[in-house]
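Report on the structure given below.
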Amino acid sequence: MNRLEATQRLVAALDREPVIASLGHPAYDLYAAGDRPENFYTWGSMGLASSIGLGLAMVQPELRVFVVDGDGSLLMNLGSLATIGWKRPANFVLIVLDNERYATTGSQDTATAHGADLEAAARAMGFTSCVTVRSADALAESLAQTTKASAPALSERRESKGPWMIVVKVQESAPTAKPPLDCVFIKQRFMAAIGCAEPATAGERP
């Protein structure tokens, strides 16, 4: 899989669950895979997607919260894994699109290209379920354990509790679209989608 294909698989598995996207390519691909009010695109906040998602999961325990991060971004804030493992939010899913590159800044190697194991790190820090996948089918199976659907055979597994870490080994893909830069609008739209505020109108956008 390339990164966009993996993101498309995620979007296809979701209903109304909120998704926090890390800055750069993860946000670009989430937007290209299907813009929705429940998507929260971050700008200028490298390393913070998992922390933002943790906060939301803790204050909205009835929501299943997904975070889409990159390997380089997560490596910048590995301490968040310790906090997530300590607090153990049952409704938290961290998906790391690991291309072993800092793709946004020129495709320099990340530590995962030289043996760093993000799945093992999350497991050591208290995540309930951790897996590394390398195919579309394996990703779909892992997502099926974290999302609600009607298939009776999987219902019990889908009710299992997080936090989850899914490391998705991906190939690089060129971004095809970018989300809006209107951060206030993105925030207001997202808050309305999760029941926390009134939606912004077009006239309220800067």
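Lettering and numbering for the structure tokens are positional, with chains as A, B, ... in the shown order, residues counted from 1 in each chain, and ligands counted from 1 in the shown order.
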
Quick one: contact table of range 5-57 of chain A to range 119-136 of chain A, 12 Å max, nearest atom pair and distance in Å to one decimal per residue, counting only C-alpha atoms, chain and number order, as CSV?
residue,atom,partner,partner_atom,distance
A:Glu5,CA,A:Ala136,CA,8.2
A:Ala6,CA,A:Ala136,CA,7.0
A:Thr7,CA,A:Ala136,CA,10.3
A:Gln8,CA,A:Ala136,CA,10.2
A:Arg9,CA,A:Ala136,CA,7.5
A:Leu10,CA,A:Ala136,CA,10.1

Generate the output file for the selected residues, N, CA, C and O atoms, as a PDB file, in the first residue's frame.
ATOM      1  N   GLU A   5      -3.556   5.132  -0.156  1.00  0.00           N
ATOM      2  CA  GLU A   5      -4.413   3.936  -0.166  1.00  0.00           C
ATOM      3  C   GLU A   5      -4.749   3.499   1.255  1.00  0.00           C
ATOM      4  O   GLU A   5      -5.885   3.101   1.541  1.00  0.00           O
ATOM      5  N   ALA A   6      -3.779   3.561   2.142  1.00  0.00           N
ATOM      6  CA  ALA A   6      -4.041   3.204   3.543  1.00  0.00           C
ATOM      7  C   ALA A   6      -5.051   4.157   4.171  1.00  0.00           C
ATOM      8  O   ALA A   6      -5.958   3.735   4.899  1.00  0.00           O
ATOM      9  N   THR A   7      -4.917   5.439   3.867  1.00  0.00           N
ATOM     10  CA  THR A   7      -5.849   6.422   4.418  1.00  0.00           C
ATOM     11  C   THR A   7      -7.249   6.211   3.861  1.00  0.00           C
ATOM     12  O   THR A   7      -8.252   6.345   4.582  1.00  0.00           O
ATOM     13  N   GLN A   8      -7.348   5.871   2.596  1.00  0.00           N
ATOM     14  CA  GLN A   8      -8.654   5.579   1.997  1.00  0.00           C
ATOM     15  C   GLN A   8      -9.314   4.387   2.673  1.00  0.00           C
ATOM     16  O   GLN A   8     -10.538   4.372   2.878  1.00  0.00           O
ATOM     17  N   ARG A   9      -8.519   3.393   3.031  1.00  0.00           N
ATOM     18  CA  ARG A   9      -9.060   2.236   3.764  1.00  0.00           C
ATOM     19  C   ARG A   9      -9.636   2.665   5.107  1.00  0.00           C
ATOM     20  O   ARG A   9     -10.688   2.186   5.528  1.00  0.00           O
ATOM     21  N   LEU A  10      -8.937   3.545   5.790  1.00  0.00           N
ATOM     22  CA  LEU A  10      -9.430   4.029   7.076  1.00  0.00           C
ATOM     23  C   LEU A  10     -10.749   4.760   6.908  1.00  0.00           C
ATOM     24  O   LEU A  10     -11.723   4.471   7.622  1.00  0.00           O
TER      25      LEU A  10
END

Need to verify the contact set: range 71-74 of chain A, 6 Å, only C-alpha atoms, exclusion of same-chain residues closer than 4 positions in sequence. Can you return it as a VMD selection string?
chain A and resid 46 to 47 78 98 102 110

Could you write out that same residue set with N, CA and C atoms as a PDB file, in the first residue's frame?
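Produced file out08.pdb, reproduced below:
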ATOM      1  N   MET A  46       3.845  19.730  14.673  1.00  0.00           N
ATOM      2  CA  MET A  46       4.476  18.425  14.512  1.00  0.00           C
ATOM      3  C   MET A  46       4.633  17.723  15.851  1.00  0.00           C
ATOM      4  N   GLY A  47       4.205  16.472  15.897  1.00  0.00           N
ATOM      5  CA  GLY A  47       4.325  15.654  17.095  1.00  0.00           C
ATOM      6  C   GLY A  47       3.138  15.701  18.030  1.00  0.00           C
ATOM      7  N   LEU A  78       7.527  10.951  21.419  1.00  0.00           N
ATOM      8  CA  LEU A  78       7.309   9.589  21.925  1.00  0.00           C
ATOM      9  C   LEU A  78       6.776   9.587  23.355  1.00  0.00           C
ATOM     10  N   ASP A  98       3.733   4.625   8.483  1.00  0.00           N
ATOM     11  CA  ASP A  98       5.188   4.575   8.612  1.00  0.00           C
ATOM     12  C   ASP A  98       5.832   4.306   7.253  1.00  0.00           C
ATOM     13  N   TYR A 102      10.941  11.313   6.500  1.00  0.00           N
ATOM     14  CA  TYR A 102      10.357  12.632   6.739  1.00  0.00           C
ATOM     15  C   TYR A 102       9.943  13.166   5.365  1.00  0.00           C
ATOM     16  N   THR A 110      13.883   8.346   8.751  1.00  0.00           N
ATOM     17  CA  THR A 110      13.546   8.424  10.169  1.00  0.00           C
ATOM     18  C   THR A 110      14.205   7.244  10.880  1.00  0.00           C
TER      19      THR A 110
END

Could you tell me which of A:Ile194, A:Met76, A:Leu81, A:Ala13 comes closest to Val59 in chain A if we count only C-alpha atoms?
A:Ile194

Where in chain A does DSSP assign strand (DSSP E), given as an NGL selection string?
:A and (19-21 or 39-41 or 65-70 or 92-98 or 101-102 or 108-109 or 129-133 or 164-169)

Export C-alpha atoms of the chosen residues as a PDB file, in the first residue's frame?
ATOM      1  CA  VAL A  19     -10.129  11.749  13.159  1.00  0.00           C
ATOM      2  CA  ILE A  20      -7.181  13.910  14.212  1.00  0.00           C
ATOM      3  CA  ALA A  21      -4.603  14.167  11.413  1.00  0.00           C
ATOM      4  CA  ASN A  39     -11.773  15.449  10.308  1.00  0.00           C
ATOM      5  CA  PHE A  40      -9.485  17.734  12.306  1.00  0.00           C
ATOM      6  CA  TYR A  41      -6.504  18.795  10.191  1.00  0.00           C
ATOM      7  CA  VAL A  65     -11.250   8.753  18.523  1.00  0.00           C
ATOM      8  CA  PHE A  66      -8.834   8.043  15.686  1.00  0.00           C
ATOM      9  CA  VAL A  67      -5.441   9.715  15.222  1.00  0.00           C
ATOM     10  CA  VAL A  68      -3.562   9.518  11.919  1.00  0.00           C
ATOM     11  CA  ASP A  69       0.106  10.215  12.512  1.00  0.00           C
ATOM     12  CA  GLY A  70       3.370   9.792  10.642  1.00  0.00           C
ATOM     13  CA  PHE A  92      -8.397   5.758  21.486  1.00  0.00           C
ATOM     14  CA  VAL A  93      -6.930   4.448  18.199  1.00  0.00           C
ATOM     15  CA  LEU A  94      -3.511   5.624  16.983  1.00  0.00           C
ATOM     16  CA  ILE A  95      -2.729   4.822  13.352  1.00  0.00           C
ATOM     17  CA  VAL A  96       0.869   5.498  12.318  1.00  0.00           C
ATOM     18  CA  LEU A  97       1.554   5.657   8.582  1.00  0.00           C
ATOM     19  CA  ASP A  98       5.188   4.575   8.612  1.00  0.00           C
ATOM     20  CA  ARG A 101      10.838   8.973   5.848  1.00  0.00           C
ATOM     21  CA  TYR A 102      10.357  12.632   6.739  1.00  0.00           C
ATOM     22  CA  GLN A 108      15.213  11.996   4.930  1.00  0.00           C
ATOM     23  CA  ASP A 109      15.360   8.697   6.857  1.00  0.00           C
ATOM     24  CA  SER A 129      -3.386  -3.765  21.530  1.00  0.00           C
ATOM     25  CA  CYS A 130      -0.513  -3.123  19.118  1.00  0.00           C
ATOM     26  CA  VAL A 131       0.070  -4.439  15.623  1.00  0.00           C
ATOM     27  CA  THR A 132       2.179  -3.688  12.548  1.00  0.00           C
ATOM     28  CA  VAL A 133       0.523  -4.338   9.179  1.00  0.00           C
ATOM     29  CA  TRP A 164      -4.839   0.641  20.099  1.00  0.00           C
ATOM     30  CA  MET A 165      -1.744   1.239  18.006  1.00  0.00           C
ATOM     31  CA  ILE A 166      -1.797   0.233  14.336  1.00  0.00           C
ATOM     32  CA  VAL A 167       1.522   0.806  12.577  1.00  0.00           C
ATOM     33  CA  VAL A 168       0.934   0.703   8.817  1.00  0.00           C
ATOM     34  CA  LYS A 169       4.065   0.198   6.741  1.00  0.00           C
TER      35      LYS A 169
END

In range 9-166 of chain A, DSSP alpha helix (DSSP H) residues written as an MDAnalysis selection string
chainID A and resid 9:13 25:34 49:59 71:75 79:87 118:124 136:144 152:158

Nearest-residue call for Thr146 in chain A, choices A:Glu17, A:Glu38, A:Asp117, A:Glu172, using only C-alpha atoms:
A:Glu17

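Distances to Asn99 in chain A were evaluated for A:His25, A:Lys178, A:Arg64, A:Lys87 using only C-alpha atoms, and the minimum falls at A:His25.
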
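Between Arg3 in chain A and the candidates A:Leu23, A:Ala197, A:Ala174, A:Ile186, the tightest atom-to-atom separation, counting only C-alpha atoms, involves A:Ala174.
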
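In this model, the gap between CA of Ser80 in chain A and CA of Ala113 in chain A comes to 21.0 Å.
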